[in-house]
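Shown next: start.cif, given as mmCIF, N, CA and C atoms.
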data_work
loop_
_atom_site.label_atom_id
_atom_site.label_comp_id
_atom_site.auth_asym_id
_atom_site.auth_seq_id
_atom_site.Cartn_x
_atom_site.Cartn_y
_atom_site.Cartn_z
N MET A 1 -4.41 -3.30 18.95
CA MET A 1 -4.36 -2.96 17.53
C MET A 1 -3.46 -1.73 17.35
N ALA A 2 -2.93 -1.62 16.15
CA ALA A 2 -2.05 -0.51 15.80
C ALA A 2 -2.42 -0.03 14.40
N THR A 3 -1.92 1.14 14.05
CA THR A 3 -2.15 1.66 12.72
C THR A 3 -0.86 1.59 11.93
N LEU A 4 -0.92 0.92 10.81
CA LEU A 4 0.20 0.86 9.88
C LEU A 4 -0.02 2.02 8.91
N ALA A 5 0.86 3.01 8.96
CA ALA A 5 0.73 4.19 8.10
C ALA A 5 1.73 4.09 6.96
N ILE A 6 1.22 3.98 5.75
CA ILE A 6 2.08 3.87 4.57
C ILE A 6 2.07 5.23 3.89
N GLN A 7 3.16 5.95 4.01
CA GLN A 7 3.30 7.29 3.45
C GLN A 7 4.17 7.20 2.20
N PHE A 8 3.76 7.86 1.15
CA PHE A 8 4.55 7.85 -0.09
C PHE A 8 4.27 9.13 -0.84
N THR A 9 5.15 9.45 -1.76
CA THR A 9 4.98 10.61 -2.63
C THR A 9 4.19 10.16 -3.84
N ALA A 10 2.99 10.70 -3.99
CA ALA A 10 2.12 10.30 -5.09
C ALA A 10 2.57 10.94 -6.40
N PRO A 11 2.39 10.25 -7.50
CA PRO A 11 2.75 10.83 -8.80
C PRO A 11 1.73 11.90 -9.19
N GLU A 12 2.14 12.76 -10.08
CA GLU A 12 1.22 13.76 -10.64
C GLU A 12 1.15 13.55 -12.14
N PRO A 13 -0.03 13.48 -12.71
CA PRO A 13 -1.32 13.55 -12.02
C PRO A 13 -1.58 12.27 -11.24
N LEU A 14 -2.53 12.36 -10.31
CA LEU A 14 -2.90 11.18 -9.53
C LEU A 14 -3.52 10.13 -10.44
N PRO A 15 -3.34 8.85 -10.13
CA PRO A 15 -3.93 7.80 -10.97
C PRO A 15 -5.45 7.87 -10.97
N VAL A 16 -6.04 7.55 -12.09
CA VAL A 16 -7.48 7.64 -12.30
C VAL A 16 -8.26 6.87 -11.25
N ASN A 17 -7.82 5.66 -10.93
CA ASN A 17 -8.56 4.80 -9.99
C ASN A 17 -7.84 4.62 -8.66
N GLY A 18 -7.00 5.57 -8.28
CA GLY A 18 -6.31 5.50 -7.00
C GLY A 18 -5.15 4.52 -7.01
N PHE A 19 -4.88 3.96 -5.85
CA PHE A 19 -3.73 3.08 -5.67
C PHE A 19 -4.19 1.70 -5.23
N VAL A 20 -3.54 0.67 -5.74
CA VAL A 20 -3.81 -0.70 -5.32
C VAL A 20 -2.79 -1.03 -4.23
N VAL A 21 -3.28 -1.28 -3.03
CA VAL A 21 -2.41 -1.58 -1.89
C VAL A 21 -2.75 -2.97 -1.38
N LYS A 22 -1.74 -3.84 -1.35
CA LYS A 22 -1.89 -5.21 -0.84
C LYS A 22 -0.88 -5.41 0.28
N TYR A 23 -1.29 -6.12 1.34
CA TYR A 23 -0.38 -6.36 2.45
C TYR A 23 -0.68 -7.72 3.07
N ARG A 24 0.33 -8.24 3.79
CA ARG A 24 0.17 -9.51 4.50
C ARG A 24 1.23 -9.58 5.60
N PRO A 25 0.97 -10.36 6.65
CA PRO A 25 2.01 -10.59 7.65
C PRO A 25 3.20 -11.30 6.99
N VAL A 26 4.40 -10.92 7.36
CA VAL A 26 5.59 -11.56 6.82
C VAL A 26 5.54 -13.05 7.12
N GLY A 27 5.85 -13.87 6.11
CA GLY A 27 5.85 -15.31 6.27
C GLY A 27 4.55 -15.99 5.86
N THR A 28 3.54 -15.19 5.51
CA THR A 28 2.28 -15.77 5.05
C THR A 28 2.20 -15.64 3.53
N THR A 29 1.19 -16.26 2.93
CA THR A 29 1.12 -16.27 1.46
C THR A 29 -0.06 -15.49 0.88
N THR A 30 -1.03 -15.13 1.72
CA THR A 30 -2.24 -14.49 1.19
C THR A 30 -2.25 -12.99 1.48
N TYR A 31 -2.39 -12.20 0.41
CA TYR A 31 -2.48 -10.75 0.56
C TYR A 31 -3.90 -10.31 0.87
N THR A 32 -4.02 -9.24 1.62
CA THR A 32 -5.28 -8.51 1.80
C THR A 32 -5.17 -7.25 0.96
N THR A 33 -6.19 -6.95 0.17
CA THR A 33 -6.20 -5.74 -0.65
C THR A 33 -7.05 -4.68 0.03
N VAL A 34 -6.51 -3.48 0.16
CA VAL A 34 -7.25 -2.37 0.75
C VAL A 34 -8.38 -2.00 -0.21
N PHE A 35 -9.62 -1.91 0.33
CA PHE A 35 -10.78 -1.57 -0.49
C PHE A 35 -11.61 -0.54 0.25
N PRO A 36 -12.07 0.49 -0.41
CA PRO A 36 -11.81 0.83 -1.82
C PRO A 36 -10.37 1.32 -1.99
N ASN A 37 -9.94 1.43 -3.24
CA ASN A 37 -8.59 1.90 -3.52
C ASN A 37 -8.36 3.25 -2.87
N PRO A 38 -7.29 3.41 -2.09
CA PRO A 38 -6.97 4.73 -1.55
C PRO A 38 -6.67 5.69 -2.70
N THR A 39 -7.02 6.96 -2.52
CA THR A 39 -6.82 7.94 -3.57
C THR A 39 -5.64 8.87 -3.31
N ALA A 40 -5.08 8.84 -2.10
CA ALA A 40 -3.95 9.70 -1.75
C ALA A 40 -3.26 9.15 -0.50
N PRO A 41 -1.99 9.47 -0.34
CA PRO A 41 -1.30 9.05 0.89
C PRO A 41 -1.73 9.94 2.06
N PRO A 42 -1.55 9.48 3.29
CA PRO A 42 -1.07 8.15 3.67
C PRO A 42 -2.20 7.13 3.60
N VAL A 43 -1.82 5.87 3.49
CA VAL A 43 -2.76 4.76 3.56
C VAL A 43 -2.68 4.23 4.99
N LEU A 44 -3.80 4.22 5.69
CA LEU A 44 -3.84 3.79 7.09
C LEU A 44 -4.54 2.44 7.19
N ILE A 45 -3.86 1.47 7.80
CA ILE A 45 -4.39 0.11 7.93
C ILE A 45 -4.33 -0.27 9.41
N THR A 46 -5.43 -0.75 9.97
CA THR A 46 -5.45 -1.20 11.35
C THR A 46 -5.05 -2.68 11.40
N VAL A 47 -3.99 -2.96 12.17
CA VAL A 47 -3.43 -4.32 12.24
C VAL A 47 -3.02 -4.62 13.70
N PRO A 48 -2.76 -5.90 14.03
CA PRO A 48 -2.28 -6.23 15.37
C PRO A 48 -0.92 -5.59 15.66
N LEU A 49 -0.73 -5.11 16.86
CA LEU A 49 0.50 -4.46 17.28
C LEU A 49 1.68 -5.44 17.26
N GLY A 50 2.81 -4.96 16.78
CA GLY A 50 4.04 -5.74 16.81
C GLY A 50 4.20 -6.76 15.71
N THR A 51 3.32 -6.78 14.74
CA THR A 51 3.41 -7.72 13.64
C THR A 51 4.14 -7.08 12.46
N ALA A 52 5.06 -7.80 11.85
CA ALA A 52 5.77 -7.30 10.67
C ALA A 52 4.93 -7.58 9.43
N TYR A 53 4.85 -6.60 8.56
CA TYR A 53 4.06 -6.72 7.33
C TYR A 53 4.90 -6.44 6.11
N GLU A 54 4.48 -7.03 5.00
CA GLU A 54 5.07 -6.74 3.71
C GLU A 54 3.92 -6.52 2.74
N GLY A 55 4.21 -5.82 1.66
CA GLY A 55 3.14 -5.60 0.70
C GLY A 55 3.62 -4.87 -0.53
N THR A 56 2.65 -4.48 -1.33
CA THR A 56 2.93 -3.77 -2.58
C THR A 56 1.95 -2.62 -2.74
N ILE A 57 2.38 -1.62 -3.49
CA ILE A 57 1.51 -0.52 -3.86
C ILE A 57 1.77 -0.18 -5.32
N SER A 58 0.71 0.10 -6.06
CA SER A 58 0.84 0.49 -7.46
C SER A 58 -0.29 1.44 -7.81
N SER A 59 -0.12 2.16 -8.91
CA SER A 59 -1.16 3.06 -9.40
C SER A 59 -2.15 2.28 -10.24
N SER A 60 -3.43 2.58 -10.07
CA SER A 60 -4.47 1.98 -10.91
C SER A 60 -4.85 3.04 -11.95
N CYS A 61 -4.38 2.84 -13.17
CA CYS A 61 -4.45 3.88 -14.19
C CYS A 61 -5.68 3.81 -15.09
N GLY A 62 -6.59 2.90 -14.83
CA GLY A 62 -7.78 2.75 -15.67
C GLY A 62 -7.55 1.74 -16.77
N ASN A 63 -8.62 1.26 -17.37
CA ASN A 63 -8.54 0.26 -18.45
C ASN A 63 -7.70 -0.95 -18.06
N SER A 64 -7.80 -1.36 -16.80
CA SER A 64 -7.05 -2.51 -16.26
C SER A 64 -5.54 -2.33 -16.29
N LEU A 65 -5.05 -1.11 -16.43
CA LEU A 65 -3.61 -0.83 -16.44
C LEU A 65 -3.16 -0.40 -15.05
N THR A 66 -2.03 -0.95 -14.61
CA THR A 66 -1.43 -0.54 -13.34
C THR A 66 0.05 -0.28 -13.55
N SER A 67 0.61 0.52 -12.67
CA SER A 67 2.05 0.76 -12.72
C SER A 67 2.77 -0.45 -12.13
N PRO A 68 4.09 -0.53 -12.30
CA PRO A 68 4.83 -1.59 -11.62
C PRO A 68 4.63 -1.47 -10.10
N GLU A 69 4.63 -2.61 -9.42
CA GLU A 69 4.43 -2.61 -7.97
C GLU A 69 5.69 -2.16 -7.24
N LEU A 70 5.49 -1.38 -6.19
CA LEU A 70 6.56 -0.97 -5.29
C LEU A 70 6.39 -1.79 -4.02
N ASN A 71 7.42 -2.51 -3.61
CA ASN A 71 7.36 -3.36 -2.42
C ASN A 71 7.64 -2.55 -1.16
N PHE A 72 7.01 -2.95 -0.05
CA PHE A 72 7.32 -2.33 1.23
C PHE A 72 7.31 -3.38 2.33
N MET A 73 8.01 -3.06 3.42
CA MET A 73 7.99 -3.86 4.65
C MET A 73 7.88 -2.89 5.80
N ALA A 74 7.13 -3.27 6.83
CA ALA A 74 6.97 -2.39 7.98
C ALA A 74 6.57 -3.19 9.21
N LEU A 75 6.83 -2.61 10.38
CA LEU A 75 6.38 -3.17 11.64
C LEU A 75 5.19 -2.35 12.08
N ALA A 76 4.10 -2.99 12.43
CA ALA A 76 2.89 -2.27 12.84
C ALA A 76 3.21 -1.27 13.93
N SER A 77 2.70 -0.07 13.80
CA SER A 77 2.84 1.08 14.69
C SER A 77 4.01 1.97 14.28
N ILE A 78 4.77 1.57 13.28
CA ILE A 78 5.87 2.40 12.79
C ILE A 78 5.51 2.89 11.41
N GLY A 79 5.52 4.20 11.19
CA GLY A 79 5.21 4.77 9.88
C GLY A 79 6.29 4.42 8.87
N LEU A 80 5.93 4.41 7.64
CA LEU A 80 6.85 4.06 6.57
C LEU A 80 6.74 5.09 5.47
N ASN A 81 7.85 5.63 5.03
CA ASN A 81 7.85 6.60 3.94
C ASN A 81 8.39 5.95 2.68
N LEU A 82 7.61 5.98 1.63
CA LEU A 82 8.01 5.41 0.35
C LEU A 82 8.04 6.50 -0.71
N ALA A 83 9.03 6.48 -1.55
CA ALA A 83 9.07 7.37 -2.70
C ALA A 83 8.43 6.62 -3.87
N PHE A 84 7.39 7.16 -4.42
CA PHE A 84 6.65 6.51 -5.49
C PHE A 84 6.89 7.31 -6.74
N SER A 85 7.52 6.69 -7.73
CA SER A 85 7.80 7.41 -8.96
C SER A 85 7.04 6.78 -10.12
N ASN A 86 6.71 7.59 -11.09
CA ASN A 86 5.96 7.07 -12.22
C ASN A 86 6.86 6.91 -13.41
#
Using structure tokens, write down the structure from this file.
Amino acid sequence: MATLAIQFTAPEPLPVNGFVVKYRPVGTTTYTTVFPNPTAPPVLITVPLGTAYEGTISSSCGNSLTSPELNFMALASIGLNLAFSN
């Protein structure tokens, strides 16, 4: 197993309900959603070593409102830095 570390610059103020993070192995169709919503970076996900992942991250702003999704791709065990703008 490896740790997929998703690092990003969080907006200020932080979103009311944290961040919605979804990921899946590249080439598959079903996302896994991180639960509970992470409240700050980095987001750490334990995954099989050497697997490529893709996913999305967005702010959960309350009242069922979310920011536009930011896409990411990463190889398990390699950290990823994302700039997250609001």
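If you count only N, CA and C atoms and ignore residues fewer than 5 places along the chain from A:Thr32, what sits within 5 Å of it is Lys22, Tyr23 and Arg24 of chain A.
Coordinates place atom C of A:Ile45 at a distance of 25.9 Å from atom CA of A:Ser64.
Every residue that the PyMOL selection byres ((chain A and resi 2) around 6.5) selects in this file is listed here: Met1, Thr3, Leu4, Ile45, Thr46, Val47, Pro48, Leu49, Ala76 and Ser77 of chain A.
For A:Ile57, the non-local neighbours within 5 Å, defined as residues at least 4 positions apart in the same chain or in other chains and counting only N, CA and C atoms, are Val20, Val21, Glu69 and Leu70 of chain A.
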Spatial neighbours of A:Thr39, max dist 6.5 Å, all atoms listed in the file, sep filter under 5 positions, as a VMD selection string: chain A and resid 17 to 19
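Nearest to A:Glu54 of all the residues A:Ala74, A:Thr28, A:Ala5, A:Pro11 is A:Ala74, counting only C-alpha atoms.
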Expected answer as a list in words: strand (DSSP E) residues in stretch 21-57 of chain A: Val21, Lys22, Tyr23, Arg24, Pro25, Thr32, Thr33, Val43, Leu44, Ile45, Thr46, Val47, Ala52, Tyr53, Glu54, Gly55, Thr56 and Ile57 of chain A
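Here, the PyMOL selection byres ((chain A and resi 41) around 8) matches Ile6, Gln7, Phe8, Thr9, Ala10, Pro38, Thr39, Ala40, Pro42, Val43 and Leu44 of chain A.
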What does the file look like for those residues with N, CA and C atoms, as a PDB file, in the coordinates of the input?
ATOM      1  N   ILE A   6       1.220   3.980   5.750  1.00  0.00           N
ATOM      2  CA  ILE A   6       2.080   3.870   4.570  1.00  0.00           C
ATOM      3  C   ILE A   6       2.070   5.230   3.890  1.00  0.00           C
ATOM      4  N   GLN A   7       3.160   5.950   4.010  1.00  0.00           N
ATOM      5  CA  GLN A   7       3.300   7.290   3.450  1.00  0.00           C
ATOM      6  C   GLN A   7       4.170   7.200   2.200  1.00  0.00           C
ATOM      7  N   PHE A   8       3.760   7.860   1.150  1.00  0.00           N
ATOM      8  CA  PHE A   8       4.550   7.850  -0.090  1.00  0.00           C
ATOM      9  C   PHE A   8       4.270   9.130  -0.840  1.00  0.00           C
ATOM     10  N   THR A   9       5.150   9.450  -1.760  1.00  0.00           N
ATOM     11  CA  THR A   9       4.980  10.610  -2.630  1.00  0.00           C
ATOM     12  C   THR A   9       4.190  10.160  -3.840  1.00  0.00           C
ATOM     13  N   ALA A  10       2.990  10.700  -3.990  1.00  0.00           N
ATOM     14  CA  ALA A  10       2.120  10.300  -5.090  1.00  0.00           C
ATOM     15  C   ALA A  10       2.570  10.940  -6.400  1.00  0.00           C
ATOM     16  N   PRO A  38      -7.290   3.410  -2.090  1.00  0.00           N
ATOM     17  CA  PRO A  38      -6.970   4.730  -1.550  1.00  0.00           C
ATOM     18  C   PRO A  38      -6.670   5.690  -2.700  1.00  0.00           C
ATOM     19  N   THR A  39      -7.020   6.960  -2.520  1.00  0.00           N
ATOM     20  CA  THR A  39      -6.820   7.940  -3.570  1.00  0.00           C
ATOM     21  C   THR A  39      -5.640   8.870  -3.310  1.00  0.00           C
ATOM     22  N   ALA A  40      -5.080   8.840  -2.100  1.00  0.00           N
ATOM     23  CA  ALA A  40      -3.950   9.700  -1.750  1.00  0.00           C
ATOM     24  C   ALA A  40      -3.260   9.150  -0.500  1.00  0.00           C
ATOM     25  N   PRO A  42      -1.550   9.480   3.290  1.00  0.00           N
ATOM     26  CA  PRO A  42      -1.070   8.150   3.670  1.00  0.00           C
ATOM     27  C   PRO A  42      -2.200   7.130   3.600  1.00  0.00           C
ATOM     28  N   VAL A  43      -1.820   5.870   3.490  1.00  0.00           N
ATOM     29  CA  VAL A  43      -2.760   4.760   3.560  1.00  0.00           C
ATOM     30  C   VAL A  43      -2.680   4.230   4.990  1.00  0.00           C
ATOM     31  N   LEU A  44      -3.800   4.220   5.690  1.00  0.00           N
ATOM     32  CA  LEU A  44      -3.840   3.790   7.090  1.00  0.00           C
ATOM     33  C   LEU A  44      -4.540   2.440   7.190  1.00  0.00           C
TER      34      LEU A  44
END
Nearest residue to A:Gly50 from the set A:Val34, A:Leu65, A:Leu75, A:Val26 (distances using only C-alpha atoms): A:Leu75
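If you look at atom N of A:Gly27 and atom N of A:Ala52, they are 8.4 Å away from each other.
From atom C of A:Thr33 back to atom N of A:Thr66, the distance works out to 15.9 Å.
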